Structure formats: structure tokens, C-alpha cells
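> Dropping in coords.cif, with mmCIF, C-alpha atoms.
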data_work
loop_
_atom_site.label_atom_id
_atom_site.label_comp_id
_atom_site.auth_asym_id
_atom_site.auth_seq_id
_atom_site.Cartn_x
_atom_site.Cartn_y
_atom_site.Cartn_z
CA MET A 1 126.33 111.02 77.87
CA SER A 2 128.07 107.75 77.06
CA PRO A 3 125.85 104.85 76.03
CA ARG A 4 124.98 102.30 78.73
CA ALA A 5 126.94 99.05 78.43
CA ALA A 6 124.94 96.07 77.28
CA PRO A 7 124.20 93.52 80.02
CA ALA A 8 126.35 90.40 80.04
CA PRO A 9 124.64 87.37 78.54
CA LEU A 10 123.76 84.17 80.38
CA LEU A 11 124.89 80.72 79.27
CA ILE A 12 122.81 77.85 80.66
CA ALA A 13 124.49 74.48 80.20
CA CYS A 14 122.78 71.08 80.35
CA ALA A 15 123.77 67.63 79.13
CA LEU A 16 120.71 65.70 78.00
CA GLY A 17 118.12 66.21 75.31
CA ILE A 18 115.29 65.91 77.83
CA GLU A 19 116.91 68.65 79.94
CA ARG A 20 117.24 70.84 76.86
CA LEU A 21 113.57 70.22 76.12
CA ALA A 22 112.61 71.42 79.61
CA LEU A 23 114.63 74.59 78.99
CA ARG A 24 112.94 75.30 75.66
CA GLY A 25 112.12 78.97 75.27
CA MET A 26 115.03 80.24 77.35
CA GLY A 27 116.85 81.44 74.24
CA ARG A 28 114.54 84.46 74.00
CA GLY A 29 116.37 86.10 76.85
CA GLY A 30 115.14 87.89 79.91
CA PRO A 31 115.45 91.07 81.97
CA GLY A 32 119.13 90.41 82.62
CA GLY A 33 120.06 90.18 78.95
CA PRO A 34 120.35 87.53 76.23
CA VAL A 35 120.24 83.84 77.21
CA THR A 36 121.86 80.91 75.40
CA VAL A 37 121.08 77.29 76.26
CA LEU A 38 123.90 74.89 75.46
CA ARG A 39 123.48 71.13 75.35
CA THR A 40 126.97 69.87 76.15
CA GLY A 41 126.49 66.11 75.92
CA MET A 42 127.06 63.67 78.77
CA GLY A 43 130.14 63.50 80.94
CA PRO A 44 132.75 65.94 82.20
CA ALA A 45 134.93 65.78 79.09
CA ALA A 46 132.02 66.71 76.82
CA ALA A 47 130.97 69.52 79.17
CA GLU A 48 134.50 70.92 79.29
CA ARG A 49 134.86 70.90 75.50
CA SER A 50 131.47 72.44 74.81
CA VAL A 51 131.65 75.18 77.43
CA THR A 52 135.22 76.15 76.58
CA ARG A 53 134.34 76.40 72.91
CA ALA A 54 131.17 78.42 73.55
CA LEU A 55 132.91 80.94 75.82
CA ALA A 56 135.73 81.46 73.33
CA GLY A 57 133.34 83.20 70.94
CA PRO A 58 132.82 86.97 71.19
CA ALA A 59 129.09 86.69 71.90
CA LEU A 60 129.57 84.75 75.14
CA ARG A 61 133.06 85.77 76.22
CA ASP A 62 131.72 87.64 79.29
CA ALA A 63 128.70 85.44 79.96
CA ALA A 64 127.55 84.33 83.38
CA VAL A 65 127.25 80.53 83.45
CA LEU A 66 124.64 78.38 85.14
CA ALA A 67 124.82 74.57 85.01
CA THR A 68 121.50 72.77 85.36
CA GLY A 69 119.68 69.50 84.73
CA PHE A 70 119.21 66.37 86.79
CA CYS A 71 121.34 64.90 89.58
CA ALA A 72 121.55 62.13 92.13
CA GLY A 73 120.89 63.08 95.73
CA LEU A 74 123.28 61.66 98.30
CA ALA A 75 121.60 62.44 101.63
CA PRO A 76 118.93 60.27 103.24
CA GLY A 77 115.50 61.84 102.96
CA MET A 78 116.06 63.41 99.54
CA HIS A 79 113.31 62.73 97.01
CA PRO A 80 112.87 62.97 93.23
CA GLY A 81 111.78 66.51 92.43
CA ASP A 82 113.84 68.11 95.21
CA LEU A 83 116.08 70.98 94.13
CA VAL A 84 119.80 71.31 94.79
CA VAL A 85 121.55 74.68 94.79
CA ALA A 86 125.31 74.19 94.76
CA GLY A 87 127.24 76.24 97.29
CA GLU A 88 130.26 75.05 95.35
CA THR A 89 131.04 72.43 92.71
CA ARG A 90 133.87 69.94 93.19
CA ASP A 91 135.84 67.41 91.24
CA PRO A 92 139.38 66.01 91.57
CA ARG A 93 140.78 69.13 89.88
CA GLY A 94 139.40 71.52 92.47
CA SER A 95 136.33 73.41 93.63
CA VAL A 96 134.47 76.45 92.29
CA PRO A 97 132.35 78.65 94.59
CA CYS A 98 128.94 79.66 93.31
CA VAL A 99 127.57 83.21 93.29
CA ARG A 100 124.32 84.62 94.76
CA THR A 101 123.13 81.25 96.04
CA ASP A 102 120.93 83.02 98.60
CA LEU A 103 118.99 84.65 95.78
CA LEU A 104 118.61 81.35 93.95
CA VAL A 105 117.26 79.61 97.06
CA LYS A 106 114.76 82.41 97.61
CA GLU A 107 113.59 82.46 94.00
CA LEU A 108 113.34 78.68 93.72
CA ALA A 109 111.14 78.58 96.81
CA ARG A 110 108.95 81.23 95.21
CA VAL A 111 108.52 79.63 91.80
CA ALA A 112 108.37 76.03 93.02
CA PRO A 113 106.40 76.17 96.28
CA GLY A 114 106.28 72.88 98.13
CA ARG A 115 109.56 71.65 96.68
CA THR A 116 112.42 71.11 99.09
CA VAL A 117 115.52 73.14 98.24
CA HIS A 118 118.85 71.77 99.47
CA ILE A 119 122.04 73.83 99.45
CA GLY A 120 125.54 72.42 99.74
CA PRO A 121 128.50 71.06 97.77
CA LEU A 122 127.73 69.40 94.43
CA THR A 123 130.36 66.89 93.41
CA GLY A 124 131.29 65.63 89.95
CA SER A 125 131.67 62.07 88.71
CA GLU A 126 132.72 60.48 85.43
CA HIS A 127 129.93 57.88 85.66
CA VAL A 128 126.49 57.29 87.13
CA VAL A 129 126.88 56.79 90.89
CA ARG A 130 125.11 53.91 92.61
CA GLY A 131 125.08 51.97 95.86
CA HIS A 132 128.17 52.21 98.06
CA GLU A 133 129.65 55.02 95.94
CA ARG A 134 126.77 57.23 96.99
CA SER A 135 127.55 56.63 100.67
CA GLU A 136 131.25 57.29 100.11
CA LEU A 137 130.56 60.63 98.42
CA LEU A 138 128.23 61.65 101.24
CA THR A 139 131.12 61.31 103.71
CA THR A 140 132.98 64.04 101.79
CA GLY A 141 130.24 66.53 102.67
CA ALA A 142 128.67 66.61 99.21
CA ILE A 143 124.88 66.50 99.07
CA ALA A 144 124.44 65.59 95.39
CA VAL A 145 126.39 64.36 92.38
CA ASP A 146 126.20 64.74 88.61
CA MET A 147 128.61 64.34 85.73
CA GLU A 148 128.75 67.81 84.21
CA SER A 149 128.30 70.69 86.69
CA ALA A 150 131.82 70.67 88.15
CA ALA A 151 133.44 70.49 84.71
CA THR A 152 131.12 73.19 83.39
CA LEU A 153 131.89 75.69 86.15
CA LEU A 154 135.61 74.94 86.23
CA SER A 155 135.81 75.47 82.47
CA ALA A 156 133.82 78.68 82.81
CA VAL A 157 136.08 80.31 85.40
CA ARG A 158 139.21 79.15 83.59
CA ALA A 159 137.95 81.00 80.52
CA GLY A 160 137.69 84.24 82.51
CA ALA A 161 136.30 85.75 85.70
CA ARG A 162 132.49 85.53 85.69
CA PRO A 163 129.52 84.70 87.96
CA VAL A 164 128.71 80.98 88.03
CA ALA A 165 126.06 78.81 89.66
CA ALA A 166 124.61 75.30 89.50
CA VAL A 167 121.05 74.18 90.15
CA ARG A 168 120.00 70.56 89.79
CA VAL A 169 116.77 68.60 90.15
CA VAL A 170 117.00 65.29 92.00
CA VAL A 171 115.88 62.29 89.96
CA ASP A 172 117.79 59.68 91.92
CA ALA A 173 118.06 59.46 95.73
CA PRO A 174 119.21 56.86 98.27
CA GLU A 175 115.69 55.49 98.82
CA HIS A 176 114.63 56.06 95.19
CA GLU A 177 117.48 54.78 93.04
CA LEU A 178 117.02 55.30 89.32
CA VAL A 179 117.31 52.21 87.15
CA ARG A 180 117.87 54.12 83.91
CA ILE A 181 117.64 57.73 82.80
CA GLY A 182 114.75 56.80 80.48
CA THR A 183 112.61 56.40 83.58
CA VAL A 184 112.49 60.20 83.68
CA ARG A 185 110.29 60.08 80.58
CA GLY A 186 107.92 57.66 82.28
CA GLY A 187 106.52 60.03 84.87
CA ILE A 188 109.18 61.30 87.31
CA SER A 189 108.34 64.86 88.22
CA ALA A 190 111.86 66.18 87.60
CA PHE A 191 111.10 67.36 84.07
CA ARG A 192 108.17 69.48 85.23
CA VAL A 193 110.17 70.87 88.13
CA LEU A 194 113.07 71.85 85.88
CA ARG A 195 110.69 73.60 83.53
CA SER A 196 108.97 75.44 86.38
CA VAL A 197 112.14 76.99 87.81
CA LEU A 198 113.24 78.89 84.69
CA PRO A 199 112.03 82.25 86.10
CA ALA A 200 114.42 81.77 89.04
CA TYR A 201 117.36 81.50 86.63
CA LEU A 202 116.34 84.71 84.90
CA GLU A 203 116.00 86.52 88.22
CA TRP A 204 119.45 85.30 89.28
CA HIS A 205 120.86 86.66 86.03
CA ARG A 206 119.07 89.99 86.49
CA SER A 207 120.36 90.24 90.07
CA LEU A 208 123.95 90.19 88.84
CA LEU A 209 123.38 93.70 87.44
CA LEU A 210 122.29 95.03 90.83
CA PRO A 211 124.56 96.13 93.71
CA ARG A 212 124.67 93.84 96.75
CA ARG A 213 123.08 95.25 99.89
#
Would you write out, as C-alpha cells, the structure that this file holds?

Amino acid sequence: MSPRAAPAPLLIACALGIERLALRGMGRGGPGGPVTVLRTGMGPAAAERSVTRALAGPALRDAAVLATGFCAGLAPGMHPGDLVVAGETRDPRGSVPCVRTDLLVKELARVAPGRTVHIGPLTGSEHVVRGHERSELLTTGAIAVDMESAATLLSAVRAGARPVAAVRVVVDAPEHELVRIGTVRGGISAFRVLRSVLPAYLEWHRSLLLPRR
């Protein structure tokens, strides 16, 4: 009998130190296989460089990739602590469809009861979006924006065919505009929410090994 192939690893990419802190402990892996958390640095260029370099190595060449961290909500009625599951990520270079979003929505609702989970397009930006820019992006159909997810997933699929997804926690919304990212440290619930949803990421990774029904 031939030996069973090892499960593909999972690469979780985030930009900020506070996001990496929330993801502490993920490196131990889970039922789907080994997990690596990569802090890319801020902005699409940094995300592209870091993810491309990480996936070039033999350990992560076949890894599934999940982009996570904080984002700005675009739709009225969104609140800090809400969750965004990207149906696709977009930037001027194109769009990338996400995989098994139904499973992510289900698992996020399970591990973070009471939190609203939004699903829709997640768009990329090269800078923090405020004011009228938020309204303009909403007209494109996007429901949230961040600086790294689109670049992360585009870099991932350019490096080879693989499952990809993006989950973000809202820290900034139309009626709750963030003055500075440091405010997150001062009591916004996003850090606790991000930490609480880690089991959903592991279940998404595990589900990739199972046949779709």
C-alpha cells in the first residue's frame, strides 16, 4: 500500500503586528495540516513580495492561502467587530474568487455567535480609505476594503493553483470611522473577534481535504 500523501499546509497572511498577535498559536497546525502565519507588512506591494517569496519555498509551494486581519466596512449599518468573508478579492489588476466561502460563513457563525457575518466582494486599496472614497467604492459593489487581501490572493494564485480565501474583521465603518489604527489597542473589539475565529480557519483548511457534497 502506498503511503498517504501529506496534507497541504495553510499559509495565513496578515499585515500588522497586532493582527499577528491575535493569531499567536496558529503555527502549531491543525487537523488539516501544518499552519504558517506570515506577517507581510502594510500595503499591497509588501504583501505581494512577502507572499510570493514564502510560496516559492518548498515547504509552502502547495499551501492554501487565507488573508486575514482588519478592514474598513463600506456599507451603512456595518459595525466594528463585524466579520467579512470575501466572495472574491479585487484590485485594478483583476479579481480572485474565494473557495468554500459557505463553510467559512457557517463556521464563523458557530465560533463567534452574535457577530454579524457579511459576504461579498473585498476590494484592495493602496492607502487607508476615508470619507467620499468609501462611498465611491461602495458603488462598485464591494462591501469592504483593505490594503493587502487582494494582493495576497492574486500573488498566491499566480504562484500556482491553490485554494484561497479572505476573512476580515471590521474596525472602521461609515458611522464609526477610525481615526488611527492605534485606536484598536484602546478597546475596539476587533482584536478579540479575530482571535476567537481561529478555529473557523482551521476547519476551512480541514474541509479542503474532504470531497464536496
> Can you translate the PyMOL selection byres ((chain A and resi 43) around 12) into the concrete residues it hits in this file, as a PDB file with C-alpha atoms, in the coordinates of the input?

ATOM      1  CA  CYS A  14     122.780  71.080  80.350  1.00  0.00           C
ATOM      2  CA  ALA A  15     123.770  67.630  79.130  1.00  0.00           C
ATOM      3  CA  LEU A  16     120.710  65.700  78.000  1.00  0.00           C
ATOM      4  CA  ARG A  39     123.480  71.130  75.350  1.00  0.00           C
ATOM      5  CA  THR A  40     126.970  69.870  76.150  1.00  0.00           C
ATOM      6  CA  GLY A  41     126.490  66.110  75.920  1.00  0.00           C
ATOM      7  CA  MET A  42     127.060  63.670  78.770  1.00  0.00           C
ATOM      8  CA  PRO A  44     132.750  65.940  82.200  1.00  0.00           C
ATOM      9  CA  ALA A  45     134.930  65.780  79.090  1.00  0.00           C
ATOM     10  CA  ALA A  46     132.020  66.710  76.820  1.00  0.00           C
ATOM     11  CA  ALA A  47     130.970  69.520  79.170  1.00  0.00           C
ATOM     12  CA  GLU A  48     134.500  70.920  79.290  1.00  0.00           C
ATOM     13  CA  ARG A  49     134.860  70.900  75.500  1.00  0.00           C
ATOM     14  CA  SER A  50     131.470  72.440  74.810  1.00  0.00           C
ATOM     15  CA  GLY A 124     131.290  65.630  89.950  1.00  0.00           C
ATOM     16  CA  SER A 125     131.670  62.070  88.710  1.00  0.00           C
ATOM     17  CA  GLU A 126     132.720  60.480  85.430  1.00  0.00           C
ATOM     18  CA  HIS A 127     129.930  57.880  85.660  1.00  0.00           C
ATOM     19  CA  VAL A 128     126.490  57.290  87.130  1.00  0.00           C
ATOM     20  CA  ASP A 146     126.200  64.740  88.610  1.00  0.00           C
ATOM     21  CA  MET A 147     128.610  64.340  85.730  1.00  0.00           C
ATOM     22  CA  GLU A 148     128.750  67.810  84.210  1.00  0.00           C
ATOM     23  CA  SER A 149     128.300  70.690  86.690  1.00  0.00           C
ATOM     24  CA  ALA A 150     131.820  70.670  88.150  1.00  0.00           C
ATOM     25  CA  ALA A 151     133.440  70.490  84.710  1.00  0.00           C
ATOM     26  CA  THR A 152     131.120  73.190  83.390  1.00  0.00           C
TER      27      THR A 152
END
> Could you check the closest approach to A:Glu203 for each of A:Leu104, A:Leu153, A:Ala63, A:Leu55 and tell me which residue wins, using all atoms listed in the file?
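When distances to A:Glu203 are compared using all atoms listed in the file, the smallest one comes from A:Leu104.
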> If you count all atoms listed in the file, which residues fall within 12 Å of A:Thr139, apart from same-chain ones fewer than 3 positions away, as an mmCIF file with C-alpha atoms, in the frame of the given file?

data_model
loop_
_atom_site.group_PDB
_atom_site.id
_atom_site.type_symbol
_atom_site.label_atom_id
_atom_site.label_comp_id
_atom_site.auth_asym_id
_atom_site.auth_seq_id
_atom_site.Cartn_x
_atom_site.Cartn_y
_atom_site.Cartn_z
ATOM 1 C CA LEU A 74 123.280 61.660 98.300
ATOM 2 C CA ALA A 75 121.600 62.440 101.630
ATOM 3 C CA PRO A 121 128.500 71.060 97.770
ATOM 4 C CA THR A 123 130.360 66.890 93.410
ATOM 5 C CA HIS A 132 128.170 52.210 98.060
ATOM 6 C CA GLU A 133 129.650 55.020 95.940
ATOM 7 C CA ARG A 134 126.770 57.230 96.990
ATOM 8 C CA SER A 135 127.550 56.630 100.670
ATOM 9 C CA GLU A 136 131.250 57.290 100.110
ATOM 10 C CA ALA A 142 128.670 66.610 99.210
ATOM 11 C CA ILE A 143 124.880 66.500 99.070
ATOM 12 C CA ALA A 144 124.440 65.590 95.390
#
> List the residues matched by the PyMOL selection byres ((chain A and resi 20) around 12) in the displayed structure as a list in words, ordered by chain and then by residue number.
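Checking the PyMOL selection byres ((chain A and resi 20) around 12) against this file, the residues are Ile12, Ala13, Cys14, Ala15, Leu16, Gly17, Ile18, Glu19, Leu21, Ala22, Leu23, Arg24, Gly25, Met26, Gly27, Thr36, Val37, Leu38, Arg39, Thr40, Gly41, Ala67, Thr68, Gly69, Phe70, Phe191, Leu194, Arg195 and Leu198 of chain A.
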> For the structure shown, which residues end up in the PyMOL selection byres ((chain A and resi 71) around 6)? Put them as a PyMOL selection string, please?
chain A and resi 70+72+145-146+168-170
> Take the residues from that selection and put them in a file with C-alpha atoms, as a CSV table (one decimal), in the frame of the given file.

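Okay, result04.csv is ready:
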chain,number,residue,atom,x,y,z
A,70,PHE,CA,119.2,66.4,86.8
A,72,ALA,CA,121.6,62.1,92.1
A,145,VAL,CA,126.4,64.4,92.4
A,146,ASP,CA,126.2,64.7,88.6
A,168,ARG,CA,120.0,70.6,89.8
A,169,VAL,CA,116.8,68.6,90.2
A,170,VAL,CA,117.0,65.3,92.0
> Which polymer residues, whether protein, DNA or RNA, lie within 10 Å of the coordinate (123.2, 78.6, 98.8) when you count all atoms listed in the file? List them as an MDAnalysis selection string, using the chain letters and numbers from the file.
chainID A and resid 84:88 98:106 117:121 165:167
> Mind pulling up the distance from atom CA of A:Arg90 to atom CA of A:Gly141?
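Atom CA of A:Gly141 sits 10.7 Å away from atom CA of A:Arg90.
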> With distances taken over all atoms listed in the file, which residue among A:Val164, A:Ala109, A:Ala156, A:Val65 lies nearest A:Pro97?
A:Val164
> So the first atom is atom CA of A:Asp82 and the second is atom CA of A:Leu66; what is the distance between them in Å, to one decimal place?
18.0 Å
> Counting only C-alpha atoms, which of A:Leu137, A:Val111, A:Leu154, A:Ala159 gets nearest to A:Ala200?
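Smallest distance to A:Ala200 is found for A:Val111.
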> Can you measure atom CA of A:Pro113 to atom CA of A:Val129 for me? One decimal in Å is fine.
28.7 Å
> Pick out the residues sitting within 12 Å of A:Pro58, and hand them over as an NGL selection string; count all atoms listed in the file, and ignore anything fewer than 5 positions along from it in its own chain.
:A and (8-9 or 53 or 63)
> Considering only C-alpha atoms, can you say which of A:Val157, A:Leu11, A:Leu208, A:Leu60 comes closest to A:Thr89?
A:Val157
